[in-house]
Each structure stands twice: as structure tokens, then as C-alpha cells.
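Peer 1: Just one file: work_13.cif, with mmCIF, C-alpha atoms.
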data_entry
loop_
_atom_site.group_PDB
_atom_site.id
_atom_site.type_symbol
_atom_site.label_atom_id
_atom_site.label_comp_id
_atom_site.auth_asym_id
_atom_site.auth_seq_id
_atom_site.Cartn_x
_atom_site.Cartn_y
_atom_site.Cartn_z
ATOM 1 C CA MET Y 2 21.563 -6.121 21.211
ATOM 2 C CA ALA Y 3 23.092 -2.946 19.777
ATOM 3 C CA GLU Y 4 21.982 0.420 21.086
ATOM 4 C CA LEU Y 5 20.389 2.935 18.718
ATOM 5 C CA THR Y 6 23.404 4.444 16.959
ATOM 6 C CA LYS Y 7 24.566 5.712 13.575
ATOM 7 C CA ALA Y 8 24.928 2.937 11.006
ATOM 8 C CA ALA Y 9 28.106 4.534 9.627
ATOM 9 C CA LYS Y 10 29.920 3.317 12.764
ATOM 10 C CA TYR Y 11 29.645 -0.254 11.439
ATOM 11 C CA LEU Y 12 30.172 0.399 7.714
ATOM 12 C CA PRO Y 13 33.404 0.874 5.739
ATOM 13 C CA HIS Y 14 31.677 3.471 3.523
ATOM 14 C CA ASP Y 15 32.348 7.194 3.530
ATOM 15 C CA GLU Y 16 29.677 9.842 3.053
ATOM 16 C CA PRO Y 17 27.754 10.299 0.841
ATOM 17 C CA MET Y 18 27.688 6.560 0.153
ATOM 18 C CA VAL Y 19 26.172 5.588 3.515
ATOM 19 C CA LEU Y 20 22.494 4.921 2.740
ATOM 20 C CA VAL Y 21 21.192 3.737 6.132
ATOM 21 C CA ASP Y 22 21.041 6.163 9.006
ATOM 22 C CA GLU Y 23 20.385 4.483 12.347
ATOM 23 C CA VAL Y 24 20.799 1.016 13.788
ATOM 24 C CA ILE Y 25 17.667 -0.103 15.605
ATOM 25 C CA SER Y 26 18.931 -3.531 16.657
ATOM 26 C CA VAL Y 27 21.456 -6.254 15.893
ATOM 27 C CA SER Y 28 21.413 -9.841 17.117
ATOM 28 C CA GLY Y 29 22.965 -13.155 16.158
ATOM 29 C CA GLU Y 30 20.903 -13.598 13.016
ATOM 30 C CA ARG Y 31 19.196 -10.245 12.400
ATOM 31 C CA ALA Y 32 19.795 -6.555 11.961
ATOM 32 C CA CYS Y 33 17.321 -3.711 11.703
ATOM 33 C CA CYS Y 34 18.119 -0.172 10.525
ATOM 34 C CA ARG Y 35 16.159 2.894 9.503
ATOM 35 C CA VAL Y 36 16.485 5.811 7.125
ATOM 36 C CA VAL Y 37 14.102 8.611 6.152
ATOM 37 C CA VAL Y 38 13.618 9.664 2.523
ATOM 38 C CA SER Y 39 14.241 13.372 3.046
ATOM 39 C CA GLN Y 40 15.988 16.302 1.355
ATOM 40 C CA GLN Y 41 17.567 16.968 4.774
ATOM 41 C CA GLY Y 42 18.758 13.376 5.311
ATOM 42 C CA ILE Y 43 21.578 11.164 4.117
ATOM 43 C CA LEU Y 44 19.606 10.079 1.034
ATOM 44 C CA ALA Y 45 19.300 13.682 -0.262
ATOM 45 C CA PRO Y 46 21.990 13.345 -2.997
ATOM 46 C CA PHE Y 47 20.062 10.447 -4.554
ATOM 47 C CA LEU Y 48 16.493 11.800 -4.564
ATOM 48 C CA ASN Y 49 14.619 12.826 -7.688
ATOM 49 C CA ALA Y 50 13.237 16.342 -8.265
ATOM 50 C CA ILE Y 51 10.179 15.713 -6.058
ATOM 51 C CA GLY Y 52 12.103 14.083 -3.230
ATOM 52 C CA GLU Y 53 11.495 10.406 -4.000
ATOM 53 C CA LEU Y 54 14.147 7.672 -3.999
ATOM 54 C CA PRO Y 55 14.241 5.268 -6.972
ATOM 55 C CA ALA Y 56 13.245 1.769 -5.857
ATOM 56 C CA TRP Y 57 16.440 0.138 -7.098
ATOM 57 C CA PHE Y 58 18.320 1.864 -4.239
ATOM 58 C CA GLY Y 59 16.535 -0.630 -1.982
ATOM 59 C CA ILE Y 60 19.017 -3.337 -2.961
ATOM 60 C CA GLU Y 61 21.936 -1.266 -1.664
ATOM 61 C CA ILE Y 62 19.986 -0.221 1.429
ATOM 62 C CA ILE Y 63 19.402 -3.894 2.251
ATOM 63 C CA ALA Y 64 23.073 -4.662 1.462
ATOM 64 C CA GLN Y 65 24.239 -1.913 3.822
ATOM 65 C CA THR Y 66 21.999 -3.280 6.564
ATOM 66 C CA ILE Y 67 23.814 -6.592 6.049
ATOM 67 C CA GLY Y 68 27.028 -4.568 6.318
ATOM 68 C CA VAL Y 69 25.840 -3.186 9.647
ATOM 69 C CA TRP Y 70 25.162 -6.753 10.833
ATOM 70 C CA SER Y 71 28.652 -7.810 9.759
ATOM 71 C CA GLY Y 72 30.348 -4.695 11.156
ATOM 72 C CA TRP Y 73 28.588 -5.038 14.494
ATOM 73 C CA HIS Y 74 29.667 -8.670 14.796
ATOM 74 C CA GLY Y 75 33.194 -7.745 13.702
ATOM 75 C CA ARG Y 76 33.404 -5.188 16.501
ATOM 76 C CA GLN Y 77 32.448 -7.873 18.995
ATOM 77 C CA LEU Y 78 35.568 -9.801 17.927
ATOM 78 C CA HIS Y 79 37.982 -6.882 17.491
ATOM 79 C CA ASP Y 80 37.775 -3.113 17.776
ATOM 80 C CA GLY Y 81 38.844 -2.049 14.305
ATOM 81 C CA LYS Y 82 37.473 -0.381 11.208
ATOM 82 C CA PRO Y 83 34.753 -2.467 9.529
ATOM 83 C CA SER Y 84 35.956 -4.630 6.655
ATOM 84 C CA PRO Y 85 34.469 -4.136 3.202
ATOM 85 C CA GLY Y 86 32.180 -6.864 1.959
ATOM 86 C CA MET Y 87 30.871 -7.532 -1.513
ATOM 87 C CA LEU Y 88 27.395 -8.017 -2.850
ATOM 88 C CA LEU Y 89 27.527 -11.123 -5.036
ATOM 89 C CA GLY Y 90 23.953 -10.893 -6.222
ATOM 90 C CA GLY Y 91 20.333 -10.827 -5.358
ATOM 91 C CA ARG Y 92 17.269 -12.909 -6.037
ATOM 92 C CA GLY Y 93 13.675 -11.921 -6.186
ATOM 93 C CA TYR Y 94 14.068 -8.228 -5.345
ATOM 94 C CA ARG Y 95 10.618 -6.709 -5.557
ATOM 95 C CA CYS Y 96 9.343 -3.283 -4.678
ATOM 96 C CA ASN Y 97 5.667 -2.289 -4.533
ATOM 97 C CA GLN Y 98 6.314 0.959 -6.430
ATOM 98 C CA ALA Y 99 8.973 2.489 -8.684
ATOM 99 C CA VAL Y 100 10.043 4.854 -5.883
ATOM 100 C CA PHE Y 101 10.244 5.155 -2.126
ATOM 101 C CA PRO Y 102 7.998 8.167 -1.383
ATOM 102 C CA ALA Y 103 9.281 11.482 -0.051
ATOM 103 C CA GLY Y 104 9.071 11.635 3.734
ATOM 104 C CA ALA Y 105 8.793 7.863 4.179
ATOM 105 C CA GLU Y 106 10.645 6.178 7.044
ATOM 106 C CA LEU Y 107 12.199 2.992 5.699
ATOM 107 C CA VAL Y 108 12.723 0.253 8.283
ATOM 108 C CA VAL Y 109 15.114 -2.353 6.921
ATOM 109 C CA THR Y 110 15.388 -5.830 8.410
ATOM 110 C CA VAL Y 111 17.814 -8.534 7.322
ATOM 111 C CA THR Y 112 17.799 -12.131 8.502
ATOM 112 C CA LEU Y 113 20.746 -14.481 8.090
ATOM 113 C CA LEU Y 114 19.811 -17.640 6.200
ATOM 114 C CA MET Y 115 23.229 -19.237 5.732
ATOM 115 C CA ARG Y 116 26.829 -18.274 6.370
ATOM 116 C CA ASP Y 117 30.227 -19.872 6.166
ATOM 117 C CA GLU Y 118 33.589 -18.152 6.630
ATOM 118 C CA LYS Y 119 33.181 -15.862 3.617
ATOM 119 C CA ILE Y 120 29.778 -16.269 1.963
ATOM 120 C CA GLY Y 121 26.443 -15.302 3.450
ATOM 121 C CA SER Y 122 22.830 -15.321 2.310
ATOM 122 C CA PHE Y 123 20.257 -12.963 3.826
ATOM 123 C CA ASP Y 124 16.567 -12.239 3.420
ATOM 124 C CA GLY Y 125 15.961 -8.514 3.432
ATOM 125 C CA MET Y 126 12.777 -6.500 3.811
ATOM 126 C CA ILE Y 127 11.997 -2.795 3.748
ATOM 127 C CA THR Y 128 8.796 -1.674 5.416
ATOM 128 C CA ILE Y 129 7.005 1.656 5.483
ATOM 129 C CA ASN Y 130 4.512 2.163 8.324
ATOM 130 C CA GLY Y 131 4.764 -1.545 9.133
ATOM 131 C CA GLU Y 132 3.810 -2.638 5.595
ATOM 132 C CA ARG Y 133 6.205 -4.620 3.390
ATOM 133 C CA TYR Y 134 7.321 -2.298 0.610
ATOM 134 C CA ALA Y 135 10.351 -4.116 -0.824
ATOM 135 C CA SER Y 136 12.122 -7.414 -0.264
ATOM 136 C CA GLY Y 137 14.722 -9.744 -1.693
ATOM 137 C CA ARG Y 138 17.450 -12.261 -0.925
ATOM 138 C CA LEU Y 139 21.042 -11.053 -1.144
ATOM 139 C CA ASN Y 140 24.233 -13.088 -1.261
ATOM 140 C CA THR Y 141 27.429 -11.551 0.085
ATOM 141 C CA TYR Y 142 31.145 -12.285 0.144
ATOM 142 C CA GLN Y 143 33.613 -11.249 2.857
ATOM 143 C CA PRO Y 144 37.156 -11.252 1.434
ATOM 144 C CA ASP Y 145 40.057 -11.814 3.802
ATOM 145 C CA PRO Y 146 42.654 -8.996 4.028
ATOM 146 C CA GLN Y 147 44.963 -10.573 1.426
ATOM 147 C CA GLU Y 148 42.133 -11.035 -1.088
ATOM 148 C CA LEU Y 149 40.996 -7.474 -0.508
ATOM 149 C CA GLN Y 150 44.495 -6.096 -1.168
ATOM 150 C CA GLN Y 151 44.745 -8.158 -4.355
ATOM 151 C CA LEU Y 152 41.358 -6.905 -5.558
ATOM 152 C CA LEU Y 153 42.328 -3.301 -4.813
ATOM 153 C CA ARG Y 154 45.626 -3.711 -6.726
ATOM 154 C CA GLN Y 155 43.782 -5.213 -9.694
ATOM 155 C CA GLY Y 156 41.330 -2.325 -9.647
ATOM 156 C CA LYS Y 157 44.136 0.234 -9.781
ATOM 157 C CA ASN Y 158 45.762 -1.583 -12.713
ATOM 158 C CA ALA Y 159 42.564 -1.891 -14.741
#
Transcribe the structure of this file into C-alpha cells.

Peer 2:
Amino acid sequence: MAELTKAAKYLPHDEPMVLVDEVISVSGERACCRVVVSQQGILAPFLNAIGELPAWFGIEIIAQTIGVWSGWHGRQLHDGKPSPGMLLGGRGYRCNQAVFPAGAELVVTVTLLMRDEKIGSFDGMITINGERYASGRLNTYQPDPQELQQLLRQGKNA
């Protein structure tokens, strides 16, 4: 079980693109993180004029919680910088409202459904005050170092 720590430790992202703040727990098949929708928090650059976060950010918040799961497990195997992963797609993402309300604490839980060497499928859920607010299933891809270099070269040449 991971200790309460900053999620950025397990993510390859740089600020301001880190959208989850703290790791609550990580285990073999689950990860749980939190972030507060606040003008003083890490989500501040993405909030609307009244301090709310558009609901579609929930997909990336769930994806980054998967990234925390992957980064935490990667650190158990080797002590290096987390490797970038890719979001292949999502199914059934639903949010109760068009926005996450100002001041809300989002607790994000992901559960591994299936994983092979490179592809994973996770159920994700975002709760506010213990109530399900958003959920969906995300599929991810973990490129090996050679694939990642090739993708980065292609991106520079595009």
C-alpha cells in the first residue's frame, strides 16, 4: 500500500498537466487518488469563471489515476522516472452533471479489469462525498522504450 503522497511522483507529466493531487492508496489491482476543485489547487488553470471544472476533464483525471497505478508499480520494479502511457479510448463515461462543482473533493478510484504486457482495461469512478459522480471504463497502452522513441520522432516530423 502506498503512503499518502503527491501523485506527480508517479506520473510522467509536468505541471500544469498533472490533474490529480494526492495518492490515497495503491494495491495490486486498484488505485485511489484525490483532488479538490479549487482556484488555489492544481486544477485552477482549467476552471471556468465560477470555479467549476468541466465534466469531460473526468476522463483525464481517471486516466491519470491509472497512470499513478502504473507508475507506482513501475517504481516497485525499478527506481526510474515513470514511463508515459497512452489512453486508447473509453467506454460508457458518464457524469451526473456538466461540471464538477467548485470546492468539491474528487476521490478517484480505478480497478484493473484486464492487463497484458502493454494493454490494460480499467473501471474508473469519481465520487464526491461518497456518492458516485462520474464513471467509465478506460483502455490504455504502455509502449516499450523503442516504440515511444519512434512515436516521438514521428510527432516531431509531422

Peer 1: As a ChimeraX atom specification, please: the residues near Y:Met126 (cut-off 9 Å, all atoms listed in the file, same-chain neighbours under 3 positions excluded).

Peer 2: /Y:63,108-112,133-138

Peer 1: In Å, how far is it from atom CA of Y:Pro13 to atom CA of Y:Leu114?

Peer 2: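 Atom-to-atom, atom CA of Y:Pro13 to atom CA of Y:Leu114, that is 23.0 Å.
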
Peer 1: For Y:Asp22, which residue among Y:Asn49, Y:Ile60, Y:Val69, Y:His74 is the nearest when counting only C-alpha atoms?

Peer 2: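 Nearest candidate to Y:Asp22 out of Y:Asn49, Y:Ile60, Y:Val69, Y:His74: Y:Val69.
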
Peer 1: Check what the PyMOL selection byres ((chain Y and resi 38) around 10) selects in the file above and give those residues as a PyMOL selection string.

Peer 2: chain Y and resi 36-37+39-45+47-48+52-54+101-107

Peer 1: Go ahead and write the selection's residues with C-alpha atoms as a JSON list (two decimals), keeping the file's coordinate frame.

Peer 2:
[["chain", "number", "residue", "atom", "x", "y", "z"],
["Y", 36, "VAL", "CA", 16.48, 5.81, 7.12],
["Y", 37, "VAL", "CA", 14.10, 8.61, 6.15],
["Y", 39, "SER", "CA", 14.24, 13.37, 3.05],
["Y", 40, "GLN", "CA", 15.99, 16.30, 1.36],
["Y", 41, "GLN", "CA", 17.57, 16.97, 4.77],
["Y", 42, "GLY", "CA", 18.76, 13.38, 5.31],
["Y", 43, "ILE", "CA", 21.58, 11.16, 4.12],
["Y", 44, "LEU", "CA", 19.61, 10.08, 1.03],
["Y", 45, "ALA", "CA", 19.30, 13.68, -0.26],
["Y", 47, "PHE", "CA", 20.06, 10.45, -4.55],
["Y", 48, "LEU", "CA", 16.49, 11.80, -4.56],
["Y", 52, "GLY", "CA", 12.10, 14.08, -3.23],
["Y", 53, "GLU", "CA", 11.50, 10.41, -4.00],
["Y", 54, "LEU", "CA", 14.15, 7.67, -4.00],
["Y", 101, "PHE", "CA", 10.24, 5.16, -2.13],
["Y", 102, "PRO", "CA", 8.00, 8.17, -1.38],
["Y", 103, "ALA", "CA", 9.28, 11.48, -0.05],
["Y", 104, "GLY", "CA", 9.07, 11.64, 3.73],
["Y", 105, "ALA", "CA", 8.79, 7.86, 4.18],
["Y", 106, "GLU", "CA", 10.64, 6.18, 7.04],
["Y", 107, "LEU", "CA", 12.20, 2.99, 5.70]]

Peer 1: On this structure, the PyMOL selection byres ((chain Y and resi 123-125) around 12) would catch which residues? List them as an MDAnalysis selection string, sorted by chain and number.

Peer 2: chainID Y and resid 30:34 59:68 70:71 88:96 108:116 120:122 126:128 133:142

Peer 1: Atom CA of Y:Arg35 and atom CA of Y:Lys82, how far apart in Å?

Peer 2: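 About the pair atom CA of Y:Lys82 and atom CA of Y:Arg35: they are 21.6 Å apart.
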
Peer 1: May I ask for the distance between atom CA of Y:Lys119 and atom CA of Y:Lys157, given in Å to one decimal place?

Peer 2: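 Interatomic distance here is 23.6 Å.
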
Peer 1: When distances are computed from all atoms listed in the file, which of Y:Glu23, Y:Glu16, Y:Glu132, Y:Glu118 shows the smallest separation from Y:Pro144?

Peer 2: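 Looking at the shortest contact to Y:Pro144, the residue is Y:Glu118.
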
Peer 1: Add whatever atoms are absent from stretch 24-44 of chain Y to reach N, CA and C atoms, and provide the output as a PDB file, in the frame of the given file.

Peer 2:
ATOM      1  N   VAL Y  24      20.938   2.423  13.439  1.00  0.00           N
ATOM      2  CA  VAL Y  24      20.799   1.016  13.788  1.00  0.00           C
ATOM      3  C   VAL Y  24      19.718   0.930  14.860  1.00  0.00           C
ATOM      4  N   ILE Y  25      18.714   0.130  14.605  1.00  0.00           N
ATOM      5  CA  ILE Y  25      17.667  -0.103  15.605  1.00  0.00           C
ATOM      6  C   ILE Y  25      18.066  -1.265  16.499  1.00  0.00           C
ATOM      7  N   SER Y  26      18.517  -2.367  15.872  1.00  0.00           N
ATOM      8  CA  SER Y  26      18.931  -3.531  16.657  1.00  0.00           C
ATOM      9  C   SER Y  26      19.808  -4.442  15.823  1.00  0.00           C
ATOM     10  N   VAL Y  27      20.638  -5.219  16.517  1.00  0.00           N
ATOM     11  CA  VAL Y  27      21.456  -6.254  15.893  1.00  0.00           C
ATOM     12  C   VAL Y  27      21.478  -7.430  16.854  1.00  0.00           C
ATOM     13  N   SER Y  28      21.325  -8.630  16.303  1.00  0.00           N
ATOM     14  CA  SER Y  28      21.413  -9.841  17.117  1.00  0.00           C
ATOM     15  C   SER Y  28      22.209 -10.878  16.339  1.00  0.00           C
ATOM     16  N   GLY Y  29      22.199 -12.094  16.799  1.00  0.00           N
ATOM     17  CA  GLY Y  29      22.965 -13.155  16.158  1.00  0.00           C
ATOM     18  C   GLY Y  29      22.611 -13.384  14.708  1.00  0.00           C
ATOM     19  N   GLU Y  30      21.333 -13.285  14.375  1.00  0.00           N
ATOM     20  CA  GLU Y  30      20.903 -13.598  13.016  1.00  0.00           C
ATOM     21  C   GLU Y  30      20.129 -12.480  12.333  1.00  0.00           C
ATOM     22  N   ARG Y  31      19.999 -11.325  12.990  1.00  0.00           N
ATOM     23  CA  ARG Y  31      19.196 -10.245  12.400  1.00  0.00           C
ATOM     24  C   ARG Y  31      19.838  -8.885  12.635  1.00  0.00           C
ATOM     25  N   ALA Y  32      19.460  -7.965  11.748  1.00  0.00           N
ATOM     26  CA  ALA Y  32      19.795  -6.555  11.961  1.00  0.00           C
ATOM     27  C   ALA Y  32      18.620  -5.736  11.458  1.00  0.00           C
ATOM     28  N   CYS Y  33      18.405  -4.604  12.093  1.00  0.00           N
ATOM     29  CA  CYS Y  33      17.321  -3.711  11.703  1.00  0.00           C
ATOM     30  C   CYS Y  33      17.848  -2.276  11.745  1.00  0.00           C
ATOM     31  N   CYS Y  34      17.675  -1.556  10.643  1.00  0.00           N
ATOM     32  CA  CYS Y  34      18.119  -0.172  10.525  1.00  0.00           C
ATOM     33  C   CYS Y  34      16.973   0.672   9.993  1.00  0.00           C
ATOM     34  N   ARG Y  35      17.168   1.989  10.039  1.00  0.00           N
ATOM     35  CA  ARG Y  35      16.159   2.894   9.503  1.00  0.00           C
ATOM     36  C   ARG Y  35      16.831   4.034   8.769  1.00  0.00           C
ATOM     37  N   VAL Y  36      16.065   4.605   7.841  1.00  0.00           N
ATOM     38  CA  VAL Y  36      16.485   5.811   7.125  1.00  0.00           C
ATOM     39  C   VAL Y  36      15.219   6.507   6.636  1.00  0.00           C
ATOM     40  N   VAL Y  37      15.245   7.832   6.617  1.00  0.00           N
ATOM     41  CA  VAL Y  37      14.102   8.611   6.152  1.00  0.00           C
ATOM     42  C   VAL Y  37      14.428   9.183   4.778  1.00  0.00           C
ATOM     43  N   VAL Y  38      13.486   9.089   3.860  1.00  0.00           N
ATOM     44  CA  VAL Y  38      13.618   9.664   2.523  1.00  0.00           C
ATOM     45  C   VAL Y  38      13.327  11.159   2.661  1.00  0.00           C
ATOM     46  N   SER Y  39      14.403  11.948   2.738  1.00  0.00           N
ATOM     47  CA  SER Y  39      14.241  13.372   3.046  1.00  0.00           C
ATOM     48  C   SER Y  39      15.343  14.190   2.388  1.00  0.00           C
ATOM     49  N   GLN Y  40      14.997  15.373   1.925  1.00  0.00           N
ATOM     50  CA  GLN Y  40      15.988  16.302   1.355  1.00  0.00           C
ATOM     51  C   GLN Y  40      16.999  16.736   2.415  1.00  0.00           C
ATOM     52  N   GLN Y  41      16.665  16.593   3.701  1.00  0.00           N
ATOM     53  CA  GLN Y  41      17.567  16.968   4.774  1.00  0.00           C
ATOM     54  C   GLN Y  41      18.354  15.779   5.318  1.00  0.00           C
ATOM     55  N   GLY Y  42      18.120  14.577   4.781  1.00  0.00           N
ATOM     56  CA  GLY Y  42      18.758  13.376   5.311  1.00  0.00           C
ATOM     57  C   GLY Y  42      19.900  12.878   4.449  1.00  0.00           C
ATOM     58  N   ILE Y  43      20.416  11.722   4.820  1.00  0.00           N
ATOM     59  CA  ILE Y  43      21.578  11.164   4.117  1.00  0.00           C
ATOM     60  C   ILE Y  43      21.254  10.700   2.698  1.00  0.00           C
ATOM     61  N   LEU Y  44      19.981  10.497   2.381  1.00  0.00           N
ATOM     62  CA  LEU Y  44      19.606  10.079   1.034  1.00  0.00           C
ATOM     63  C   LEU Y  44      19.445  11.254   0.068  1.00  0.00           C
TER      64      LEU Y  44
END
